[in-house]
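Inspection log for the structure reproduced underneath, given as structure tokens.
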Amino acid sequence: MVATPMLVKKFPLPLRRFIGDPSNSRLQEAHSEIVRVARATPLGELAASIAHEINQPLGAIVNNGNACLRLLRTKSWSEVREAIAAIVEDANRASGIIARTRAMFNRSAPAKMQLQLQDVVTDALRLAQGDLAENRIIVLTHLGNDLPSVSGDRIQFQEVLLNLMRNAIEAMSQVPDERRVLRLGCQESELNGKPAVLLTVQDRGGGFSPEEAGRVFDAFYTTKPTGMGMGLRSCLSIAEAHGGRLTASLNSDGPGATFRFLLPAVGQHRKRSNHEPN
Ligand SMILES: Nc1ncnc2c1ncn2[C@@H]1O[C@H](COP(=O)(O)OP(=O)(O)O)[C@@H](O)[C@H]1O
Ligand SMILES: [Mg+2]
């Protein structure tokens with residue numbers, strides 16, 4: 001008996017014939033239109049990459065499942081065990097992708113309040129303290145003390161900063177200790193001709209190639225063996241939901257990358273005092 005792959009089995013036969021029928025030009029037209037519209041919207045792009053990404057582990061599950069069925073007939077138990085372990089791993093990968101995507105979409109509407117970006121840096125440094133120490137990262141901060149406020153969700157901003165810091169730490173995992181320097185800066189800036197606050201996260205890691213630079217914000221783009229490739233996509237959507245911007249560039253004065261998170265300024269300048277609660 002030749003096992004039929006699960007995915008194909010799920011489609012009732014008439015539907016399969018319908019999808020595969022090249023003479024059905026109206027269907028094809030409609031399909032191309034859907035694809036075009038889906039590609040034109042960022043959400044559509046995201047949906048397309050999720051579909052692509054989940055198809056990979058599912059395809060591997062089907063292949064390994066079939067291999068198990070074959071191996072069961074020949075009783076190669078160790079190989080069966082290996083294939084089943086691979087099935088479990090791929091299934092976990094697929095469910096991880098779904099969980100992260102869900103988390104991204106379930107994020108409630110930003111709970112906006114006026115805040116100082118420097119305070120978010122302080123929050124994030126406290127939260128990442130262990131991670132930074134464990135990786136022997138030297139942190140240099142340059143936080144202006146008379147910056148305008150921004151309006152936004154503090155937790156979401158922390159998420160952005162923690163993601164950028166984690167990426168910086170990972171980028172510096174292979175460099176000698178003396179080069180493991182993470183610079184965090186806040187300064188006044190401009191966005192579309194209006195006052196803004198700029199947060200920079202700079203590392204001295206390996207950076208990325210010019211081709212990679214265009215892809216780092218794509219959903220599921222990762223160069224790490226166990227990476228998910230959702231971190232920067234998630235940060236970008238937070239920046240956009242706040243009318244801001246997130247960009248990446250290579251450092252001009254040496255190795256490494258700089259990420260810039262730019263948010264429109266609101267309200268009055270405010271002097272920070274050391275006694276203020278975070
Ligand atoms: N600080 C950085 N230096 C160099 N490359 C980076 C940096 N941050 C992100 N990247 C690149 O962008 C990719 C996507 O990052 P991200 O969305 O956070 O996903 P992940 O960290 O899971 O790979 C990384 O895999 C890496 O190739
Ligand atoms: Mg990341």
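Please note that chains go A, B, ... in the order of the structure tokens, that every chain numbers its residues from 1, and that ligands are numbered from 1 in the order shown.
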Neighbourhood of ligand 2 at 8 Å, counting only C-alpha atoms and all ligand atoms, reported as a short mmCIF file (atom, residue, chain, number, x, y, z; two decimals) with N, CA, C and O atoms, in the first residue's frame:
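Ended up saving to part.cif:
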data_model
loop_
_atom_site.label_atom_id
_atom_site.label_comp_id
_atom_site.auth_asym_id
_atom_site.auth_seq_id
_atom_site.Cartn_x
_atom_site.Cartn_y
_atom_site.Cartn_z
N ASN A 163 13.15 43.50 22.23
CA ASN A 163 13.43 42.77 20.98
C ASN A 163 14.71 43.27 20.33
O ASN A 163 15.54 42.48 19.88
N LEU A 164 14.87 44.60 20.27
CA LEU A 164 16.05 45.17 19.63
C LEU A 164 17.31 44.83 20.43
O LEU A 164 18.37 44.53 19.87
N ARG A 166 17.69 42.18 22.44
CA ARG A 166 17.96 40.74 22.27
C ARG A 166 18.68 40.49 20.94
O ARG A 166 19.65 39.76 20.86
N ASN A 167 18.21 41.14 19.89
CA ASN A 167 18.87 40.97 18.58
C ASN A 167 20.31 41.45 18.65
O ASN A 167 21.21 40.83 18.08
N GLY A 227 15.76 30.83 15.24
CA GLY A 227 15.02 32.09 15.20
C GLY A 227 13.61 31.91 14.63
O GLY A 227 13.33 30.93 13.94
N MET A 228 12.75 32.87 14.95
CA MET A 228 11.39 32.81 14.45
C MET A 228 11.17 33.88 13.39
O MET A 228 10.29 33.77 12.55
N GLY A 229 11.96 34.93 13.43
CA GLY A 229 11.82 35.97 12.41
C GLY A 229 10.58 36.83 12.57
O GLY A 229 10.11 37.45 11.61
N MET A 230 10.02 36.86 13.79
CA MET A 230 8.82 37.68 14.00
C MET A 230 9.12 38.93 14.83
O MET A 230 8.28 39.82 14.94
N GLY A 231 10.30 38.97 15.45
CA GLY A 231 10.62 40.07 16.36
C GLY A 231 10.55 41.43 15.70
O GLY A 231 9.81 42.32 16.14
N LEU A 232 11.31 41.61 14.63
CA LEU A 232 11.34 42.93 13.99
C LEU A 232 10.02 43.26 13.31
O LEU A 232 9.60 44.42 13.27
#
So that each row is one residue of chain A with an atom at most 10 Å from ligand 1, can you give its shortest atom pair and the distance in Å to one decimal, using only C-alpha atoms and all ligand atoms, rows by chain and rising number, as a Markdown table?
| residue | atom | partner | partner_atom_place_in_ligand_line | distance |
| --- | --- | --- | --- | --- |
| A:Val160 | CA | ligand 1 | 18 (O) | 9.9 |
| A:Asn163 | CA | ligand 1 | 18 (O) | 6.4 |
| A:Leu164 | CA | ligand 1 | 8 (N) | 6.6 |
| A:Met165 | CA | ligand 1 | 1 (N) | 7.7 |
| A:Arg166 | CA | ligand 1 | 21 (O) | 7.6 |
| A:Asn167 | CA | ligand 1 | 8 (N) | 4.5 |
| A:Ala168 | CA | ligand 1 | 1 (N) | 4.0 |
| A:Ile169 | CA | ligand 1 | 1 (N) | 7.5 |
| A:Glu170 | CA | ligand 1 | 1 (N) | 7.4 |
| A:Ala171 | CA | ligand 1 | 3 (N) | 4.9 |
| A:Met172 | CA | ligand 1 | 3 (N) | 7.9 |
| A:Leu182 | CA | ligand 1 | 1 (N) | 9.8 |
| A:Val201 | CA | ligand 1 | 1 (N) | 8.3 |
| A:Gln202 | CA | ligand 1 | 1 (N) | 7.4 |
| A:Asp203 | CA | ligand 1 | 1 (N) | 6.2 |
| A:Arg204 | CA | ligand 1 | 3 (N) | 8.2 |
| A:Gly205 | CA | ligand 1 | 3 (N) | 6.0 |
| A:Gly206 | CA | ligand 1 | 4 (C) | 5.9 |
| A:Gly207 | CA | ligand 1 | 4 (C) | 3.9 |
| A:Phe208 | CA | ligand 1 | 4 (C) | 5.1 |
| A:Ser209 | CA | ligand 1 | 5 (N) | 8.8 |
| A:Glu212 | CA | ligand 1 | 27 (O) | 7.2 |
| A:Ala213 | CA | ligand 1 | 12 (O) | 7.9 |
| A:Gly214 | CA | ligand 1 | 12 (O) | 9.7 |
| A:Arg215 | CA | ligand 1 | 12 (O) | 7.4 |
| A:Val216 | CA | ligand 1 | 12 (O) | 4.1 |
| A:Phe217 | CA | ligand 1 | 17 (O) | 6.1 |
| A:Asp218 | CA | ligand 1 | 17 (O) | 7.3 |
| A:Ala219 | CA | ligand 1 | 17 (O) | 7.0 |
| A:Phe220 | CA | ligand 1 | 17 (O) | 6.9 |
| A:Tyr221 | CA | ligand 1 | 14 (C) | 5.4 |
| A:Thr222 | CA | ligand 1 | 25 (O) | 3.4 |
| A:Thr223 | CA | ligand 1 | 25 (O) | 4.0 |
| A:Lys224 | CA | ligand 1 | 25 (O) | 5.1 |
| A:Pro225 | CA | ligand 1 | 23 (O) | 8.3 |
| A:Thr226 | CA | ligand 1 | 22 (O) | 7.3 |
| A:Gly227 | CA | ligand 1 | 22 (O) | 3.5 |
| A:Met228 | CA | ligand 1 | 22 (O) | 3.9 |
| A:Gly229 | CA | ligand 1 | 19 (O) | 3.2 |
| A:Met230 | CA | ligand 1 | 17 (O) | 4.4 |
| A:Gly231 | CA | ligand 1 | 17 (O) | 3.7 |
| A:Leu232 | CA | ligand 1 | 17 (O) | 3.7 |
| A:Arg233 | CA | ligand 1 | 17 (O) | 5.7 |
| A:Ser234 | CA | ligand 1 | 17 (O) | 7.6 |
| A:Cys235 | CA | ligand 1 | 17 (O) | 8.3 |
| A:Leu236 | CA | ligand 1 | 17 (O) | 9.5 |
| A:Ala248 | CA | ligand 1 | 8 (N) | 8.3 |
| A:Ser249 | CA | ligand 1 | 3 (N) | 9.2 |
| A:Leu250 | CA | ligand 1 | 3 (N) | 8.5 |
| A:Pro255 | CA | ligand 1 | 3 (N) | 9.7 |
| A:Gly256 | CA | ligand 1 | 3 (N) | 6.2 |
| A:Ala257 | CA | ligand 1 | 3 (N) | 5.3 |
| A:Thr258 | CA | ligand 1 | 1 (N) | 7.0 |
| A:Phe259 | CA | ligand 1 | 1 (N) | 7.4 |
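Nearest-residue note for Ile84 (chain A): choosing from A:Ala51, A:Leu69, A:Leu262, A:Val150, the minimum distance belongs to A:Leu69, counting only C-alpha atoms.
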Just checking: using only C-alpha atoms, which residue out of A:Pro264, A:Pro176, A:Pro110, A:Gly152 ends up closest to Asn135 (chain A)? A:Pro176
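For the choices A:Ile137, A:Val80, A:Ala47, A:Val181, the atom-to-atom distance to Thr101 (chain A) is smallest for A:Ala47 when using only C-alpha atoms.
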DSSP helix (DSSP H, G or I) residues within region 45-266 of chain A, listed as number ranges by chain: A: 45-74, 77-106, 117-134, 154-171, 177-179, 210-213, 231-241
Taking only C-alpha atoms into account, which of A:Gly244, A:Pro210, A:Gly144, A:Gly59 comes nearest Gln187 (chain A)? A:Gly144
Taking only C-alpha atoms into account, which of A:Glu134, A:Ser76, A:Ile61, A:Ile50 comes nearest Ser173 (chain A)? A:Glu134
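The two atoms in question, CA of Leu246 (chain A) and CA of Met113 (chain A), are spaced 20.1 Å apart.
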So which residues touch Asn55 (chain A) within 12 Å, counting only C-alpha atoms, skipping near sequence neighbours fewer than 3 positions away, as an MDAnalysis selection string? chainID A and resid 7 48:52 58:62 90:91 93:95 97:98
Those residues with all heavy atoms, as a short mmCIF file (atom, residue, chain, number, x, y, z; two decimals), in the first residue's frame please?
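Output contents, as saved in result.cif:
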data_model
loop_
_atom_site.label_atom_id
_atom_site.label_comp_id
_atom_site.auth_asym_id
_atom_site.auth_seq_id
_atom_site.Cartn_x
_atom_site.Cartn_y
_atom_site.Cartn_z
N LEU A 7 -2.26 15.87 3.63
CA LEU A 7 -2.81 17.14 3.16
C LEU A 7 -3.69 16.95 1.95
O LEU A 7 -4.73 17.55 1.81
CB LEU A 7 -1.67 18.10 2.81
CG LEU A 7 -1.01 18.74 3.99
CD1 LEU A 7 0.11 19.65 3.52
CD2 LEU A 7 -2.02 19.53 4.79
N ALA A 48 0.42 35.61 3.67
CA ALA A 48 1.10 34.77 2.69
C ALA A 48 2.35 34.15 3.30
O ALA A 48 2.63 32.97 3.11
CB ALA A 48 1.45 35.59 1.46
N SER A 49 3.09 34.96 4.10
CA SER A 49 4.30 34.37 4.68
C SER A 49 3.97 33.36 5.78
O SER A 49 4.67 32.38 5.94
CB SER A 49 5.30 35.40 5.18
OG SER A 49 4.70 36.59 5.49
N ILE A 50 2.85 33.59 6.48
CA ILE A 50 2.46 32.60 7.50
C ILE A 50 2.12 31.28 6.82
O ILE A 50 2.59 30.21 7.22
CB ILE A 50 1.25 33.08 8.33
CG1 ILE A 50 1.65 34.29 9.18
CG2 ILE A 50 0.72 31.98 9.23
CD1 ILE A 50 0.48 35.05 9.77
N ALA A 51 1.33 31.38 5.73
CA ALA A 51 0.95 30.17 5.00
C ALA A 51 2.20 29.44 4.51
O ALA A 51 2.34 28.22 4.69
CB ALA A 51 0.06 30.54 3.82
N HIS A 52 3.14 30.20 3.95
CA HIS A 52 4.37 29.61 3.44
C HIS A 52 5.16 28.94 4.56
O HIS A 52 5.62 27.80 4.44
CB HIS A 52 5.20 30.72 2.78
CG HIS A 52 6.57 30.29 2.40
ND1 HIS A 52 6.80 29.55 1.27
CD2 HIS A 52 7.76 30.47 2.99
CE1 HIS A 52 8.10 29.31 1.18
NE2 HIS A 52 8.70 29.86 2.22
N LEU A 58 4.60 21.42 7.96
CA LEU A 58 3.55 20.46 7.63
C LEU A 58 4.04 19.48 6.58
O LEU A 58 3.78 18.27 6.66
CB LEU A 58 2.29 21.17 7.14
CG LEU A 58 1.46 21.88 8.22
CD1 LEU A 58 0.21 22.51 7.62
CD2 LEU A 58 1.08 20.93 9.34
N GLY A 59 4.75 19.98 5.58
CA GLY A 59 5.30 19.11 4.53
C GLY A 59 6.27 18.10 5.14
O GLY A 59 6.23 16.91 4.81
N ALA A 60 7.10 18.57 6.08
CA ALA A 60 8.06 17.68 6.73
C ALA A 60 7.34 16.63 7.57
O ALA A 60 7.73 15.46 7.60
CB ALA A 60 9.01 18.49 7.60
N ILE A 61 6.22 17.04 8.21
CA ILE A 61 5.44 16.09 9.01
C ILE A 61 4.88 14.98 8.11
O ILE A 61 4.96 13.79 8.42
CB ILE A 61 4.30 16.83 9.77
CG1 ILE A 61 4.90 17.65 10.91
CG2 ILE A 61 3.26 15.85 10.30
CD1 ILE A 61 3.93 18.63 11.56
N VAL A 62 4.34 15.39 6.97
CA VAL A 62 3.76 14.42 6.03
C VAL A 62 4.85 13.45 5.55
O VAL A 62 4.67 12.22 5.56
CB VAL A 62 3.12 15.15 4.83
CG1 VAL A 62 2.73 14.16 3.75
CG2 VAL A 62 1.90 15.94 5.30
N ASP A 90 8.61 19.22 14.29
CA ASP A 90 8.00 20.06 13.25
C ASP A 90 6.61 20.54 13.66
O ASP A 90 6.23 21.67 13.37
CB ASP A 90 7.91 19.29 11.93
CG ASP A 90 9.26 19.26 11.24
OD1 ASP A 90 9.89 20.33 11.13
OD2 ASP A 90 9.70 18.18 10.83
N ALA A 91 5.86 19.64 14.35
CA ALA A 91 4.52 20.04 14.79
C ALA A 91 4.63 21.17 15.81
O ALA A 91 3.87 22.13 15.79
CB ALA A 91 3.77 18.84 15.37
N ARG A 93 7.02 23.32 15.94
CA ARG A 93 7.43 24.53 15.22
C ARG A 93 6.21 25.21 14.61
O ARG A 93 6.03 26.42 14.73
CB ARG A 93 8.41 24.13 14.11
CG ARG A 93 9.41 25.20 13.83
CD ARG A 93 10.40 24.71 12.80
NE ARG A 93 10.22 25.43 11.56
CZ ARG A 93 10.57 24.97 10.37
NH1 ARG A 93 11.07 23.76 10.25
NH2 ARG A 93 10.41 25.71 9.31
N ALA A 94 5.34 24.39 13.99
CA ALA A 94 4.14 24.96 13.38
C ALA A 94 3.27 25.62 14.45
O ALA A 94 2.74 26.72 14.25
CB ALA A 94 3.37 23.89 12.63
N SER A 95 3.13 24.96 15.62
CA SER A 95 2.24 25.56 16.61
C SER A 95 2.89 26.80 17.23
O SER A 95 2.19 27.74 17.60
CB SER A 95 1.77 24.53 17.64
OG SER A 95 2.69 24.38 18.65
N ILE A 97 4.68 28.94 15.53
CA ILE A 97 4.43 30.00 14.55
C ILE A 97 3.03 30.57 14.76
O ILE A 97 2.82 31.78 14.79
CB ILE A 97 4.58 29.46 13.11
CG1 ILE A 97 6.05 29.12 12.83
CG2 ILE A 97 4.05 30.46 12.09
CD1 ILE A 97 6.28 28.32 11.58
N ILE A 98 2.07 29.65 14.96
CA ILE A 98 0.68 30.11 15.15
C ILE A 98 0.57 30.90 16.46
O ILE A 98 -0.04 31.97 16.50
CB ILE A 98 -0.29 28.91 15.13
CG1 ILE A 98 -0.32 28.35 13.72
CG2 ILE A 98 -1.69 29.32 15.58
CD1 ILE A 98 -1.04 27.05 13.57
#
